[in-house]
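The structure under discussion appears below in the form of structure tokens.
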Amino acid sequence: MSLQTAALERVIVRRRYADRLFRICAVLMLLIAIGTLATLLVDVFMAGAGRLSWQFVSSFPSRKPEQAGALSAIVGTLYMMTLTALFAFPIGVASAIYLEEYARRTWYARVIEVNIANLAGVPSIIYGLLGLELFVRAMRFDRSLLSGSLTMALLVLPIIIISSREALRSVPGSLREGSYALGASRWQTIWHQVLPLAFPGILTGSILAFSRAIGEASPLITIGALTYIAFLPDSLLSPFTALPIQIFNWVSRPQAGFHVNAAAAILVLLVILLLMNAAAVYLRQRYQKRLSF
Amino acid sequence: MPTAGETAFDIQNLNCWYGDRQALFNISLSIPDRRITALIGPSGCGKSTFIRCLNRINDLIAGCRVEGQVLYKKENLYAPGIEAISIRYRIGMVFQKPNPFPKSIYDNIAYGPLIWGVKRGPQLDAIVEESLKKAAIWDEVKDKLQQNAQALSGGQQQRLCIARALAVEPEALLLDEPCSALDPIATAKIEELLLALKKTYTIVIVTHNMQQAARVSDVTGFFLLGELVEFGETGQIFTNPKDRRTEDYITGRFG
């Protein structure tokens with residue numbers, strides 16, 4: 001009996017060691033991840049914070065680094081993201097509703113499904129090439145704000161569809177049945193019961209998708225967005241620039257002053273990104289309904 | 001076959017499949033009007049599948065296929081051109097697990113009338129009040145109509161769901177094990193309610209609880225492995241079953 005107890009003791013001690021070891025490893029990995037990010041942020045902050053000023057955010061680009069500003073890039077980014085959201089959000093949510101609520105589980109539904117999942121993993125530069133061919137050349141939108149936002153919309157569409165479907169799927173089936181049992185049509189059930197519950201999830205997923213798009217430079221470079229723009233876009237078809245392109249451009253200049261500008265522009269981009277994420281959290285909290293299922 | 005009450009549902013040779021699996025085999029029976037019909041049988045015997053064929057809510061399940069005839073008041077529910085939506089308007093349903101919408105008590109009841117075209121206002125208020133009274137829950141909730149319905153107790157939620165079904169003024173009510181998630185007191189309240197409702201509504205109730213079937217129903221059907229083994233007056237089924245399997249089940253020898 002006592003021998004058995006001793007064996008048991010050994011097993012428990014060994015398990016406790018394994019547990020502790022794993023915990024240390026996990027914490028270490030976390031530190032590496034956070035450390036890298038923190039180093040990056042601190043580095044950018046040290047380099048760029050001093051350059052941030054009203055002059056920087058309200059001036060157009062210039063040949064002289066100390067006079068240059070990011071106004072056209074900031075406005076371009078904001079315009080582009082607004083348009084991207086206008087294009088991608090309704091199409092993405094509607095596609096998700098179709099796939100989740102209407103489509104029968106047939107082989108072509110599965111083909112579409114697999115394709116969307118794959119599209120979410122396609123490198124963004126490929127979307128740039130598609131945008132170049134389709135919007136810039138075939139549709140003759142040129143290197144405009146419209147081309148840029150349509151390209152970005154394509155880029156985020158798969159992510160919006162996937163996250164919206166996830167949100168729709170999380171609505172319990174019993175609620176749908178409750179609605180159908182009263183004679184509600186499919187659309188009434190979706191509009192009155194399913195969407196209100198799925199909305200916070202759809203919103204969160206979409207804003208995360210837009211957060212990814214806002215930092216993308218390569219598709220915009222591919223479609224040929226300009227880097228030097230000394231005016232604000234005044235129509236859908238006017239040329240534009242965006243923050244990632246401006247940053248890319250400044251970083252590749254030889255003068256140190258432009259590198260400082262790039263760091264400052266990165267900070268501006270980060271602030272916009274944080275605001276978007278804050279909006280996502282706020283909206284989610286606000287619309288979240290308590291479900292006691 | 002029972003003679004009490006005219007026939008509400010006349011079912012002939014009903015077969016149902018989920019994909020390749022056949023869930024119902026040649027079910028034929030007639031359910032009397034304004035009586036309570038109880039369906040009993042072990043889990044997975046097809047009672048729920050059967051009751052879900054009566055308002056065509058099974059249509060929503062991918063891969064579900066129904067063959068045979070379901071006549072309601074002489075009208076074939078599965079005839080081409082018949083809208084499932086209008087069937088569900090006339091034949092209400094209450095589910096096993098209370099499923100109030102995550103909205104206020106008022107909006108839960110108002111939802112059905114609203115989608116059928118009643119406008120917000122005194123008329124809707126009256127419908128809500130009347131439905132809650134019919135479901136014997138008005139006194140408990142009249143002071144908190146704007147509260148979230150999911151804050152109610154399980155028994156209250158289930159009566160709310162019954163009130164919600166009554167709000168569109170159906171002719172029949174299908175209840176799929178409505179008391180299986182409730183305690184005995186809440187169950188007693190629902191049973192009392194059903195006995196009051198059968199004056200106006202045809203009621204079909206699926207239950208695991210044989211005492212419940214014996215207490216509330218006029219007619220009972222016993223299902224086993226997707227077949228209807230026996231169907232008749234409740235008194236006869238419970239005291240003098242014709243089929244050996246029915247007897248074994250109600251005396252607790254299996255199930």
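As shown in the structure tokens, the chain order sets the letters A, B, ...; within each chain, residues go from 1, and ligands are also counted from 1 in the order they appear.
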Exercise for the section: Write out as a PyMOL selection string the residues lying within 8 Å of region 98-115 of chain A, counting only C-alpha atoms and excluding same-chain residues fewer than 2 positions away. Expected result: (chain A and resi 94-96+117-119+165+168-169) or (chain B and resi 62)
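Proximity to chain A at a cut-off of 8 Å picks out Asn55, Ile57, Ala62, Ala84, Ile85, Ser86, Ile87, Arg88, Tyr89, Gly92, Met93, Val94, Phe95, Asn99, Pro100, Phe101, Pro102, Gly112, Ile115, Gln150, Ala165 and Val168 of chain B on chain B, counting only C-alpha atoms.
For Ala120 (chain A), the set of protein, DNA and RNA residues having any atom at most 8 Å away, when counting only C-alpha atoms and skipping those fewer than 3 positions along the same chain, is Ile116, Ala117, Leu155, Val156, Pro158 and Ile159 of chain A.
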Exercise for the section: Do a neighbour search on Lys97 (chain B) at 10 Å with only C-alpha atoms, toss out local chain neighbours closer than 6 positions, and write the hits as number ranges by chain. Expected result: A: 174, 293; B: 154, 157-158, 161, 176-182
